[in-house]
Each structure stands twice: as structure tokens, then as C-alpha cells.
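Participant: Pasting input11.pdb below, which is PDB, C-alpha atoms.
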```pdb
ATOM      1  CA  MET A   1      -0.018  16.299 -32.301  1.00  0.00           C
ATOM      2  CA  GLY A   2      -0.066  15.389 -28.616  1.00  0.00           C
ATOM      3  CA  GLY A   3      -1.958  12.542 -27.030  1.00  0.00           C
ATOM      4  CA  THR A   4      -3.434   9.437 -28.547  1.00  0.00           C
ATOM      5  CA  GLU A   5      -5.704   9.302 -31.574  1.00  0.00           C
ATOM      6  CA  GLU A   6      -8.627   8.709 -29.212  1.00  0.00           C
ATOM      7  CA  ALA A   7      -7.792  11.935 -27.391  1.00  0.00           C
ATOM      8  CA  ARG A   8      -7.635  13.749 -30.729  1.00  0.00           C
ATOM      9  CA  LEU A   9     -11.047  12.404 -31.714  1.00  0.00           C
ATOM     10  CA  GLU A  10     -12.432  13.349 -28.295  1.00  0.00           C
ATOM     11  CA  ARG A  11     -11.205  16.902 -28.805  1.00  0.00           C
ATOM     12  CA  ALA A  12     -12.735  16.835 -32.274  1.00  0.00           C
ATOM     13  CA  ARG A  13     -16.142  16.127 -30.741  1.00  0.00           C
ATOM     14  CA  ASP A  14     -15.841  19.383 -28.866  1.00  0.00           C
ATOM     15  CA  GLU A  15     -14.281  21.430 -31.658  1.00  0.00           C
ATOM     16  CA  VAL A  16     -15.930  20.106 -34.840  1.00  0.00           C
ATOM     17  CA  SER A  17     -19.517  20.663 -35.853  1.00  0.00           C
ATOM     18  CA  PRO A  18     -21.811  17.636 -35.458  1.00  0.00           C
ATOM     19  CA  ARG A  19     -22.317  17.499 -39.218  1.00  0.00           C
ATOM     20  CA  ARG A  20     -18.576  17.426 -39.920  1.00  0.00           C
ATOM     21  CA  LEU A  21     -17.997  14.815 -37.216  1.00  0.00           C
ATOM     22  CA  ARG A  22     -20.719  12.586 -38.681  1.00  0.00           C
ATOM     23  CA  LYS A  23     -19.044  12.823 -42.074  1.00  0.00           C
ATOM     24  CA  GLN A  24     -15.687  11.842 -40.542  1.00  0.00           C
ATOM     25  CA  GLN A  25     -17.322   8.893 -38.824  1.00  0.00           C
ATOM     26  CA  ASP A  26     -19.019   7.819 -42.060  1.00  0.00           C
ATOM     27  CA  ILE A  27     -15.695   7.947 -43.920  1.00  0.00           C
ATOM     28  CA  ALA A  28     -13.938   5.984 -41.164  1.00  0.00           C
ATOM     29  CA  SER A  29     -16.697   3.365 -41.075  1.00  0.00           C
ATOM     30  CA  ALA A  30     -16.498   2.820 -44.827  1.00  0.00           C
ATOM     31  CA  ALA A  31     -12.695   2.757 -44.691  1.00  0.00           C
ATOM     32  CA  CYS A  32     -12.803   0.031 -42.044  1.00  0.00           C
ATOM     33  CA  ALA A  33     -14.315  -2.391 -44.561  1.00  0.00           C
ATOM     34  CA  VAL A  34     -11.790  -1.447 -47.250  1.00  0.00           C
ATOM     35  CA  PHE A  35      -8.778  -1.779 -44.951  1.00  0.00           C
ATOM     36  CA  GLY A  36     -10.117  -5.059 -43.588  1.00  0.00           C
ATOM     37  CA  ARG A  37     -10.428  -6.433 -47.114  1.00  0.00           C
ATOM     38  CA  GLU A  38      -7.354  -4.941 -48.800  1.00  0.00           C
ATOM     39  CA  GLY A  39      -4.965  -4.215 -45.950  1.00  0.00           C
ATOM     40  CA  TYR A  40      -3.066  -0.984 -45.491  1.00  0.00           C
ATOM     41  CA  ALA A  41      -0.590  -1.153 -48.357  1.00  0.00           C
ATOM     42  CA  ARG A  42      -3.068  -2.185 -51.062  1.00  0.00           C
ATOM     43  CA  ALA A  43      -5.920   0.154 -50.118  1.00  0.00           C
ATOM     44  CA  SER A  44      -5.816   3.252 -52.296  1.00  0.00           C
ATOM     45  CA  VAL A  45      -7.127   6.675 -51.415  1.00  0.00           C
ATOM     46  CA  ASP A  46      -9.410   6.481 -54.469  1.00  0.00           C
ATOM     47  CA  ALA A  47     -10.915   3.211 -53.210  1.00  0.00           C
ATOM     48  CA  LEU A  48     -11.351   4.597 -49.698  1.00  0.00           C
ATOM     49  CA  ALA A  49     -13.088   7.707 -51.004  1.00  0.00           C
ATOM     50  CA  ALA A  50     -15.309   5.663 -53.321  1.00  0.00           C
ATOM     51  CA  ALA A  51     -16.383   3.348 -50.483  1.00  0.00           C
ATOM     52  CA  ALA A  52     -17.385   6.385 -48.427  1.00  0.00           C
ATOM     53  CA  GLY A  53     -19.173   7.989 -51.366  1.00  0.00           C
ATOM     54  CA  VAL A  54     -17.016  11.106 -51.291  1.00  0.00           C
ATOM     55  CA  SER A  55     -14.374  12.668 -53.506  1.00  0.00           C
ATOM     56  CA  THR A  56     -10.691  12.304 -52.688  1.00  0.00           C
ATOM     57  CA  ARG A  57     -10.674  16.048 -52.056  1.00  0.00           C
ATOM     58  CA  THR A  58     -13.373  15.623 -49.402  1.00  0.00           C
ATOM     59  CA  LEU A  59     -11.459  12.753 -47.834  1.00  0.00           C
ATOM     60  CA  TYR A  60      -8.321  14.888 -47.555  1.00  0.00           C
ATOM     61  CA  ASN A  61     -10.394  17.762 -46.204  1.00  0.00           C
ATOM     62  CA  HIS A  62     -11.432  15.570 -43.280  1.00  0.00           C
ATOM     63  CA  PHE A  63      -8.184  13.600 -42.992  1.00  0.00           C
ATOM     64  CA  PRO A  64      -5.342  15.861 -44.207  1.00  0.00           C
ATOM     65  CA  GLY A  65      -2.805  13.128 -43.490  1.00  0.00           C
ATOM     66  CA  GLY A  66      -4.485  10.922 -46.081  1.00  0.00           C
ATOM     67  CA  LYS A  67      -4.442   7.148 -45.850  1.00  0.00           C
ATOM     68  CA  ALA A  68      -2.110   6.987 -42.823  1.00  0.00           C
ATOM     69  CA  GLN A  69      -4.258   9.329 -40.750  1.00  0.00           C
ATOM     70  CA  LEU A  70      -7.452   7.581 -41.789  1.00  0.00           C
ATOM     71  CA  PHE A  71      -6.027   4.140 -40.986  1.00  0.00           C
ATOM     72  CA  ARG A  72      -4.902   5.405 -37.604  1.00  0.00           C
ATOM     73  CA  ALA A  73      -8.370   6.773 -36.888  1.00  0.00           C
ATOM     74  CA  VAL A  74     -10.030   3.500 -37.925  1.00  0.00           C
ATOM     75  CA  VAL A  75      -7.644   1.298 -35.962  1.00  0.00           C
ATOM     76  CA  THR A  76      -7.871   3.322 -32.753  1.00  0.00           C
ATOM     77  CA  TRP A  77     -11.650   3.623 -33.031  1.00  0.00           C
ATOM     78  CA  THR A  78     -12.181  -0.123 -33.427  1.00  0.00           C
ATOM     79  CA  SER A  79      -9.491  -0.878 -30.839  1.00  0.00           C
ATOM     80  CA  GLY A  80     -11.377   1.243 -28.353  1.00  0.00           C
ATOM     81  CA  GLU A  81     -14.558  -0.721 -28.982  1.00  0.00           C
ATOM     82  CA  VAL A  82     -12.809  -4.062 -28.547  1.00  0.00           C
ATOM     83  CA  ARG A  83     -10.858  -2.829 -25.510  1.00  0.00           C
ATOM     84  CA  ASP A  84     -14.072  -1.869 -23.734  1.00  0.00           C
ATOM     85  CA  ALA A  85     -15.602  -5.272 -24.538  1.00  0.00           C
ATOM     86  CA  GLN A  86     -12.484  -7.106 -23.335  1.00  0.00           C
ATOM     87  CA  LEU A  87     -12.394  -5.148 -20.084  1.00  0.00           C
ATOM     88  CA  ALA A  88     -16.071  -5.905 -19.513  1.00  0.00           C
ATOM     89  CA  ARG A  89     -15.401  -9.638 -20.005  1.00  0.00           C
ATOM     90  CA  LEU A  90     -12.495  -9.422 -17.575  1.00  0.00           C
ATOM     91  CA  ARG A  91     -14.562  -7.711 -14.886  1.00  0.00           C
ATOM     92  CA  ALA A  92     -17.419 -10.180 -15.348  1.00  0.00           C
ATOM     93  CA  ALA A  93     -15.216 -13.270 -15.055  1.00  0.00           C
ATOM     94  CA  LEU A  94     -12.856 -12.014 -12.328  1.00  0.00           C
ATOM     95  CA  ASP A  95     -14.716  -9.676  -9.981  1.00  0.00           C
ATOM     96  CA  PRO A  96     -12.007  -7.568  -8.312  1.00  0.00           C
ATOM     97  CA  GLU A  97     -14.037  -7.471  -5.090  1.00  0.00           C
ATOM     98  CA  ARG A  98     -14.777 -11.206  -4.944  1.00  0.00           C
ATOM     99  CA  PRO A  99     -11.909 -13.559  -5.810  1.00  0.00           C
ATOM    100  CA  PRO A 100     -13.023 -17.068  -6.725  1.00  0.00           C
ATOM    101  CA  ARG A 101     -12.756 -20.005  -4.381  1.00  0.00           C
ATOM    102  CA  PRO A 102      -9.759 -22.224  -5.182  1.00  0.00           C
ATOM    103  CA  GLU A 103     -12.021 -24.904  -6.627  1.00  0.00           C
ATOM    104  CA  ASP A 104     -13.655 -22.340  -8.947  1.00  0.00           C
ATOM    105  CA  LEU A 105     -10.492 -20.703 -10.272  1.00  0.00           C
ATOM    106  CA  GLU A 106     -10.175 -22.881 -13.374  1.00  0.00           C
ATOM    107  CA  ARG A 107     -13.879 -22.466 -14.154  1.00  0.00           C
ATOM    108  CA  ASP A 108     -13.627 -18.672 -13.979  1.00  0.00           C
ATOM    109  CA  LEU A 109     -10.482 -18.528 -16.103  1.00  0.00           C
ATOM    110  CA  VAL A 110     -12.139 -20.736 -18.723  1.00  0.00           C
ATOM    111  CA  SER A 111     -15.132 -18.381 -18.689  1.00  0.00           C
ATOM    112  CA  LEU A 112     -12.814 -15.416 -19.231  1.00  0.00           C
ATOM    113  CA  ALA A 113     -11.008 -17.193 -22.061  1.00  0.00           C
ATOM    114  CA  ARG A 114     -14.290 -18.080 -23.788  1.00  0.00           C
ATOM    115  CA  GLY A 115     -15.457 -14.474 -23.584  1.00  0.00           C
ATOM    116  CA  LEU A 116     -12.233 -13.091 -25.009  1.00  0.00           C
ATOM    117  CA  ILE A 117     -12.114 -15.607 -27.868  1.00  0.00           C
ATOM    118  CA  ARG A 118     -15.762 -14.928 -28.745  1.00  0.00           C
ATOM    119  CA  LEU A 119     -14.887 -11.303 -29.442  1.00  0.00           C
ATOM    120  CA  MET A 120     -13.037 -12.356 -32.590  1.00  0.00           C
ATOM    121  CA  ALA A 121     -16.422 -13.162 -34.110  1.00  0.00           C
ATOM    122  CA  ASP A 122     -18.262 -10.266 -32.474  1.00  0.00           C
ATOM    123  CA  TYR A 123     -15.717  -7.734 -33.825  1.00  0.00           C
ATOM    124  CA  ALA A 124     -14.652  -9.415 -37.031  1.00  0.00           C
ATOM    125  CA  HIS A 125     -14.035  -6.041 -38.727  1.00  0.00           C
ATOM    126  CA  HIS A 126     -11.449  -5.108 -36.091  1.00  0.00           C
ATOM    127  CA  PHE A 127      -9.619  -8.423 -36.138  1.00  0.00           C
ATOM    128  CA  ALA A 128      -9.433  -8.249 -39.920  1.00  0.00           C
ATOM    129  CA  LEU A 129      -7.486  -5.017 -39.403  1.00  0.00           C
ATOM    130  CA  VAL A 130      -5.271  -6.657 -36.771  1.00  0.00           C
ATOM    131  CA  ARG A 131      -4.519  -9.506 -39.160  1.00  0.00           C
ATOM    132  CA  HIS A 132      -3.315  -6.985 -41.735  1.00  0.00           C
ATOM    133  CA  ILE A 133      -1.350  -5.014 -39.141  1.00  0.00           C
ATOM    134  CA  HIS A 134       0.664  -8.107 -38.254  1.00  0.00           C
ATOM    135  CA  ALA A 135       1.138  -9.073 -41.893  1.00  0.00           C
ATOM    136  CA  GLU A 136       2.132  -5.562 -43.013  1.00  0.00           C
ATOM    137  CA  ALA A 137       3.951  -4.217 -39.960  1.00  0.00           C
ATOM    138  CA  ASP A 138       6.856  -3.081 -42.137  1.00  0.00           C
ATOM    139  CA  HIS A 139       4.499  -0.963 -44.283  1.00  0.00           C
ATOM    140  CA  VAL A 140       2.289   0.514 -41.549  1.00  0.00           C
ATOM    141  CA  PRO A 141       3.593   3.863 -40.206  1.00  0.00           C
ATOM    142  CA  PRO A 142       5.227   3.399 -36.770  1.00  0.00           C
ATOM    143  CA  GLU A 143       2.992   6.038 -35.196  1.00  0.00           C
ATOM    144  CA  VAL A 144      -0.047   4.018 -36.300  1.00  0.00           C
ATOM    145  CA  LEU A 145       1.319   0.881 -34.652  1.00  0.00           C
ATOM    146  CA  THR A 146       1.922   2.869 -31.471  1.00  0.00           C
ATOM    147  CA  ALA A 147      -1.576   4.376 -31.542  1.00  0.00           C
ATOM    148  CA  TRP A 148      -3.132   0.925 -31.987  1.00  0.00           C
ATOM    149  CA  HIS A 149      -1.122  -0.522 -29.103  1.00  0.00           C
ATOM    150  CA  GLU A 150      -2.006   2.368 -26.775  1.00  0.00           C
ATOM    151  CA  ALA A 151      -5.697   2.259 -27.689  1.00  0.00           C
ATOM    152  CA  GLY A 152      -6.265  -1.452 -27.135  1.00  0.00           C
ATOM    153  CA  PRO A 153      -3.598  -4.037 -26.292  1.00  0.00           C
ATOM    154  CA  ALA A 154      -1.736  -1.951 -23.696  1.00  0.00           C
ATOM    155  CA  PRO A 155      -4.670  -1.074 -21.390  1.00  0.00           C
ATOM    156  CA  VAL A 156      -6.097  -4.582 -21.672  1.00  0.00           C
ATOM    157  CA  GLY A 157      -2.699  -6.049 -20.829  1.00  0.00           C
ATOM    158  CA  ARG A 158      -2.420  -3.808 -17.771  1.00  0.00           C
ATOM    159  CA  ALA A 159      -5.906  -4.760 -16.586  1.00  0.00           C
ATOM    160  CA  LEU A 160      -5.170  -8.477 -16.982  1.00  0.00           C
ATOM    161  CA  THR A 161      -1.881  -8.035 -15.098  1.00  0.00           C
ATOM    162  CA  GLU A 162      -3.739  -6.358 -12.240  1.00  0.00           C
ATOM    163  CA  ALA A 163      -6.409  -9.071 -12.183  1.00  0.00           C
ATOM    164  CA  LEU A 164      -3.815 -11.834 -11.986  1.00  0.00           C
ATOM    165  CA  ALA A 165      -1.943  -9.938  -9.260  1.00  0.00           C
ATOM    166  CA  ARG A 166      -5.163  -9.821  -7.211  1.00  0.00           C
ATOM    167  CA  LEU A 167      -5.490 -13.595  -7.612  1.00  0.00           C
ATOM    168  CA  GLU A 168      -1.940 -13.930  -6.346  1.00  0.00           C
ATOM    169  CA  ASP A 169      -2.770 -11.701  -3.368  1.00  0.00           C
ATOM    170  CA  ALA A 170      -5.701 -14.032  -2.650  1.00  0.00           C
ATOM    171  CA  GLY A 171      -3.313 -16.984  -2.541  1.00  0.00           C
ATOM    172  CA  LEU A 172      -4.617 -18.567  -5.745  1.00  0.00           C
ATOM    173  CA  LEU A 173      -1.670 -17.966  -8.090  1.00  0.00           C
ATOM    174  CA  ASP A 174       2.108 -17.731  -7.856  1.00  0.00           C
ATOM    175  CA  LEU A 175       3.241 -15.372 -10.617  1.00  0.00           C
ATOM    176  CA  HIS A 176       6.936 -15.846  -9.876  1.00  0.00           C
ATOM    177  CA  GLY A 177       7.562 -12.127  -9.579  1.00  0.00           C
ATOM    178  CA  ASP A 178       6.349 -11.134 -13.057  1.00  0.00           C
ATOM    179  CA  ALA A 179       2.593 -10.613 -13.316  1.00  0.00           C
ATOM    180  CA  ALA A 180       2.872  -8.996 -16.756  1.00  0.00           C
ATOM    181  CA  LEU A 181       4.700 -12.018 -18.151  1.00  0.00           C
ATOM    182  CA  ALA A 182       2.082 -14.315 -16.642  1.00  0.00           C
ATOM    183  CA  GLY A 183      -0.620 -12.268 -18.352  1.00  0.00           C
ATOM    184  CA  GLY A 184       1.178 -12.646 -21.662  1.00  0.00           C
ATOM    185  CA  HIS A 185       1.401 -16.393 -21.123  1.00  0.00           C
ATOM    186  CA  PHE A 186      -2.315 -16.583 -20.325  1.00  0.00           C
ATOM    187  CA  MET A 187      -3.283 -14.789 -23.527  1.00  0.00           C
ATOM    188  CA  ALA A 188      -0.880 -16.849 -25.624  1.00  0.00           C
ATOM    189  CA  LEU A 189      -2.054 -20.157 -24.179  1.00  0.00           C
ATOM    190  CA  ILE A 190      -5.754 -19.467 -24.650  1.00  0.00           C
ATOM    191  CA  SER A 191      -5.645 -17.739 -28.011  1.00  0.00           C
ATOM    192  CA  HIS A 192      -2.519 -18.334 -30.092  1.00  0.00           C
ATOM    193  CA  VAL A 193      -3.468 -21.699 -31.567  1.00  0.00           C
ATOM    194  CA  ILE A 194      -7.068 -20.615 -32.148  1.00  0.00           C
ATOM    195  CA  THR A 195      -5.921 -17.391 -33.799  1.00  0.00           C
ATOM    196  CA  GLN A 196      -3.568 -19.285 -36.098  1.00  0.00           C
ATOM    197  CA  PHE A 197      -6.057 -22.025 -37.006  1.00  0.00           C
ATOM    198  CA  THR A 198      -8.911 -19.573 -37.654  1.00  0.00           C
ATOM    199  CA  HIS A 199      -6.835 -16.746 -39.165  1.00  0.00           C
ATOM    200  CA  TYR A 200      -8.262 -14.324 -36.598  1.00  0.00           C
ATOM    201  CA  GLY A 201     -11.744 -15.791 -36.832  1.00  0.00           C
ATOM    202  CA  VAL A 202     -12.033 -15.961 -40.622  1.00  0.00           C
ATOM    203  CA  LEU A 203     -12.397 -19.760 -40.590  1.00  0.00           C
ATOM    204  CA  PRO A 204     -14.153 -20.669 -37.319  1.00  0.00           C
ATOM    205  CA  LEU A 205     -13.345 -23.934 -35.592  1.00  0.00           C
ATOM    206  CA  PRO A 206     -16.014 -26.432 -34.539  1.00  0.00           C
ATOM    207  CA  ALA A 207     -17.298 -25.471 -31.099  1.00  0.00           C
ATOM    208  CA  ALA A 208     -16.026 -28.655 -29.461  1.00  0.00           C
ATOM    209  CA  GLU A 209     -12.507 -28.161 -30.825  1.00  0.00           C
ATOM    210  CA  GLN A 210     -12.414 -24.520 -29.753  1.00  0.00           C
ATOM    211  CA  GLU A 211     -13.546 -25.522 -26.264  1.00  0.00           C
ATOM    212  CA  ARG A 212     -10.830 -28.207 -26.101  1.00  0.00           C
ATOM    213  CA  LEU A 213      -8.163 -25.658 -27.006  1.00  0.00           C
ATOM    214  CA  ILE A 214      -9.438 -23.092 -24.500  1.00  0.00           C
ATOM    215  CA  ARG A 215      -9.565 -25.598 -21.648  1.00  0.00           C
ATOM    216  CA  GLY A 216      -6.159 -26.960 -22.585  1.00  0.00           C
ATOM    217  CA  GLY A 217      -4.681 -23.462 -22.548  1.00  0.00           C
ATOM    218  CA  VAL A 218      -6.137 -22.631 -19.135  1.00  0.00           C
ATOM    219  CA  SER A 219      -4.994 -25.980 -17.758  1.00  0.00           C
ATOM    220  CA  ALA A 220      -1.446 -25.346 -18.995  1.00  0.00           C
ATOM    221  CA  PHE A 221      -1.500 -21.859 -17.447  1.00  0.00           C
ATOM    222  CA  LEU A 222      -2.561 -23.246 -14.077  1.00  0.00           C
ATOM    223  CA  ARG A 223       0.088 -25.965 -14.150  1.00  0.00           C
ATOM    224  CA  ALA A 224       2.636 -23.159 -14.420  1.00  0.00           C
ATOM    225  CA  TYR A 225       1.079 -20.594 -12.092  1.00  0.00           C
ATOM    226  CA  ARG A 226      -1.362 -22.159  -9.609  1.00  0.00           C
ATOM    227  CA  ALA A 227      -0.203 -21.447  -6.070  1.00  0.00           C
ATOM    228  CA  GLY A 228       1.156 -24.380  -4.113  1.00  0.00           C
TER     229      GLY A 228
END
```
Would you mind writing the file's structure down as C-alpha cells?
Facilitator:
Amino acid sequence: MGGTEEARLERARDEVSPRRLRKQQDIASAACAVFGREGYARASVDALAAAAGVSTRTLYNHFPGGKAQLFRAVVTWTSGEVRDAQLARLRAALDPERPPRPEDLERDLVSLARGLIRLMADYAHHFALVRHIHAEADHVPPEVLTAWHEAGPAPVGRALTEALARLEDAGLLDLHGDAALAGGHFMALISHVITQFTHYGVLPLPAAEQERLIRGGVSAFLRAYRAG
């Protein structure tokens, strides 16, 4: 099957009747909760069908590849939602047409970091899936891992790389010849500790502590990459 899972679902919108598509979406929505609770390996087809209120035969009728195909559909669907939200936060904090003044750079990067971290709570169902993906990477089919990466992390990483490169062009950052690596450092510095402490948002931190960690991460990033 060519293209990403999102492309397949887009084609399905054109090829599948609205009633059938709604049923697929209902099954995927119910499966999202099951996968988020049980993970990939522990979730059974019987449990997935029961959560959607359908028979296993109906589930296979809509997702012939069974659990792997359904998990892929759920992960790419939720990744697309989160990707769009992350890109919107990026555009809002770092307007590509209006780079910040040097004195406002840290403020704008902190604003971006806050917006990205807040998405863990806004899309808790997705980050529950991501938590299981990392924990069960050796059990999740490789094509599912690839589909997830292409649907969400990869395009967001490219957009962040481009945004940081524009800041370098404006004389605000020195990325030392590797904008993609700088983007990876930014995400790690603002989110890694928070992700670990909260288990992807399951156990939220006090607001003051989260703010301290965000500001500390941005400050560390700027010590490494601020121009001059």
C-alpha cells in the first residue's frame, strides 16, 4: 500500500461510503481509549471490538489487517491532530514574516515551549499512545512506527528546523551548521524532564515547577545557540 496512513484514509474518504467511513472512525475512536489504557501488546481484538460495540468480524471487515492496521490508523489520526496543533503553536510564537527583536527572543521561545508542553494535557489520549509506543517499540510493527513518525514528529521537526534557521538568518541564533540538531536540542531541553516527571502528562507538575523547567530549558538552549 503506497503512501502514508493519512493518505490512505484521505483516499478512503473519496472511495468509501459516508456510512462506512463513520463506522471506521467510530471503531478507531473507541480503539484509541483501549490502546491508551492497555498498550499495543496487551490490547486484544476482542476488547477493541467490544469497546466499539461491534463484532470482531465487523472490525476485520473495516480493518482487514486487524490490530496492527487499527493501531496504525489510530496513531496516525491522533498524530495528525497533534501535528496541526504543534504547527499552529510554532507559527503563533515565531511568525516567519516577523522575527523577534533580540531582547524578545527568549520571551518568544518560552511562549513556544509553554504552548508545546500544554498539548500533553490537551491531547492526553495521543500522548498515552506515544508512551506505549516508546515502552513497546519492540512489539509494535515497524511500519506502524514509521507511519507515526511520518504523520507527526517528522513534519514538526522539519518546521522547527526551518523556524530556527530563519532566526539564524535574522542574526539571532548561531546553529553551528546543524539546524536540525539544534531543533532536537530545543525539544529535549524544554520537554524531556517534564515528560519524564509527568509520564507524558499523566501526573501533572505544579504550574510553578513546570514554568521553572521550561524557562531553564530555553535558557540553556540560548546559552548554546544565541548568536554572538
Participant: What does the structure give for the distance between CA of Glu81 in chain A and CA of Ser55 in chain A, in Å to one decimal?
Facilitator: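 Between these atoms lies a distance of 27.9 Å.
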Participant: Considering all atoms listed in the file, can you say which of A:His192, A:Arg20, A:His62, A:Arg226 comes closest to Leu213 in chain A?
Facilitator: A:His192
Participant: Just to confirm, what's the straight-line distance from CA of Ser29 in chain A to CA of Ala49 in chain A in Å (one decimal)?
Facilitator: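 Going from CA of Ser29 in chain A over to CA of Ala49 in chain A, I get 11.4 Å.
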Participant: Selected by the PyMOL selection byres ((chain A and resi 48) around 12) in the shown coordinates: which residues, as a PyMOL selection string?
Facilitator: chain A and resi 26-40+42-47+49-60+63+66-68+70-71+74
Participant: Give the answer as one residue: which of A:Leu172, A:Ala128, A:Leu119, A:Val156 has the shortest atom-to-atom distance to Gly228 in chain A, using all atoms listed in the file?
Facilitator: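 Ranked by minimum distance to Gly228 in chain A, first place goes to A:Leu172.
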Participant: Taking (-8.6, -13.2, -9.4) in the coordinates of the supplied file, I want to know which residues reach to within 6 Å of it, counting only C-alpha atoms; could you give the answer as a ChimeraX atom specification?
Facilitator: /A:94,99,163-164,166-167
Participant: Given the file shown, determine the residues that the PyMOL selection byres ((chain A and resi 225) around 10) selects; report them as an mmCIF file with C-alpha atoms, in the frame of the given file.
Facilitator:
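Here's the written file selection_16.cif:
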```cif
data_model
loop_
_atom_site.group_PDB
_atom_site.id
_atom_site.type_symbol
_atom_site.label_atom_id
_atom_site.label_comp_id
_atom_site.auth_asym_id
_atom_site.auth_seq_id
_atom_site.Cartn_x
_atom_site.Cartn_y
_atom_site.Cartn_z
ATOM 1 C CA GLU A 168 -1.940 -13.930 -6.346
ATOM 2 C CA LEU A 172 -4.617 -18.567 -5.745
ATOM 3 C CA LEU A 173 -1.670 -17.966 -8.090
ATOM 4 C CA ASP A 174 2.108 -17.731 -7.856
ATOM 5 C CA LEU A 175 3.241 -15.372 -10.617
ATOM 6 C CA HIS A 176 6.936 -15.846 -9.876
ATOM 7 C CA ALA A 182 2.082 -14.315 -16.642
ATOM 8 C CA HIS A 185 1.401 -16.393 -21.123
ATOM 9 C CA PHE A 186 -2.315 -16.583 -20.325
ATOM 10 C CA SER A 219 -4.994 -25.980 -17.758
ATOM 11 C CA ALA A 220 -1.446 -25.346 -18.995
ATOM 12 C CA PHE A 221 -1.500 -21.859 -17.447
ATOM 13 C CA LEU A 222 -2.561 -23.246 -14.077
ATOM 14 C CA ARG A 223 0.088 -25.965 -14.150
ATOM 15 C CA ALA A 224 2.636 -23.159 -14.420
ATOM 16 C CA ARG A 226 -1.362 -22.159 -9.609
ATOM 17 C CA ALA A 227 -0.203 -21.447 -6.070
ATOM 18 C CA GLY A 228 1.156 -24.380 -4.113
#
```
Participant: Between CA of Val75 in chain A and CA of Pro18 in chain A, what is the distance in Å, rounded to a tenth?
Facilitator: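 Result for CA of Val75 in chain A versus CA of Pro18 in chain A: 21.6 Å, one decimal.
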Participant: Just so the selection is clear, what residues does the PyMOL selection byres ((chain A and resi 180) around 8) cover here, as a list in words?
Facilitator: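 Taken on the displayed file, the PyMOL selection byres ((chain A and resi 180) around 8) yields the residues Gly157, Arg158, Thr161, Asp178, Ala179, Leu181, Ala182, Gly183 and Gly184 of chain A.
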Participant: Skipping near chain neighbours, those fewer than 2 positions away, what residues fall within 10 Å of Ala113 in chain A using all atoms listed in the file, listed as an NGL selection string?
Facilitator: :A and (89-90 or 93 or 107-111 or 115-118 or 186-187 or 189-191 or 211 or 214-215 or 217-218)
Participant: At a cut-off of 8 Å from (-6.6, -4.3, -35.2) in the coordinates of the file, what residues are picked up using all atoms listed in the file, written as a compact mmCIF listing (two decimals) with C-alpha atoms, keeping the file's coordinate frame?
Facilitator:
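Final output, part_22.txt:
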```txt
# COMPACT_ATOMS: atom_id res chain seq x y z
CA VAL A 75 -7.64 1.30 -35.96
CA THR A 78 -12.18 -0.12 -33.43
CA SER A 79 -9.49 -0.88 -30.84
CA HIS A 126 -11.45 -5.11 -36.09
CA PHE A 127 -9.62 -8.42 -36.14
CA ALA A 128 -9.43 -8.25 -39.92
CA LEU A 129 -7.49 -5.02 -39.40
CA VAL A 130 -5.27 -6.66 -36.77
CA ARG A 131 -4.52 -9.51 -39.16
CA HIS A 132 -3.32 -6.98 -41.74
CA ILE A 133 -1.35 -5.01 -39.14
CA TRP A 148 -3.13 0.92 -31.99
```
Participant: I'd like the contact shell of Gly201 in chain A - 8 Å cut-off, all atoms listed in the file, skipping same-chain residues fewer than 3 positions apart - returned as JSON, numbers by chain.
Facilitator: {"A": [120, 121, 124, 127, 195, 198, 204]}
Participant: Tell me which of A:Ala159, A:Ala151, A:Leu21, A:Ala135 sits closest to Thr76 in chain A, counting all atoms listed in the file.
Facilitator: A:Ala151
Participant: Calculated over only C-alpha atoms, which of the candidates A:Arg98, A:Arg19, A:His149, A:Arg212 has the smallest distance to Gly80 in chain A?
Facilitator: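 Once distances to Gly80 in chain A are computed over only C-alpha atoms, the minimum belongs to A:His149.
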Participant: Centre and edge lengths of an axis-aligned box around all listed atoms of range 195-212 of chain A, with 5 Å added on each side, are to be given in Å to one decimal, as lines of an AutoDock Vina configuration file.
Facilitator:
```
center_x = -10.4
center_y = -21.5
center_z = -33.4
size_x = 23.7
size_y = 24.3
size_z = 24.5
```
Participant: Return the single residue from A:Ala170, A:Glu106, A:Pro142, A:Arg114 that is closest to Ala207 in chain A, with distances computed using only C-alpha atoms.
Facilitator: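 Ranking A:Ala170, A:Glu106, A:Pro142, A:Arg114 by distance to Ala207 in chain A, first place goes to A:Arg114.
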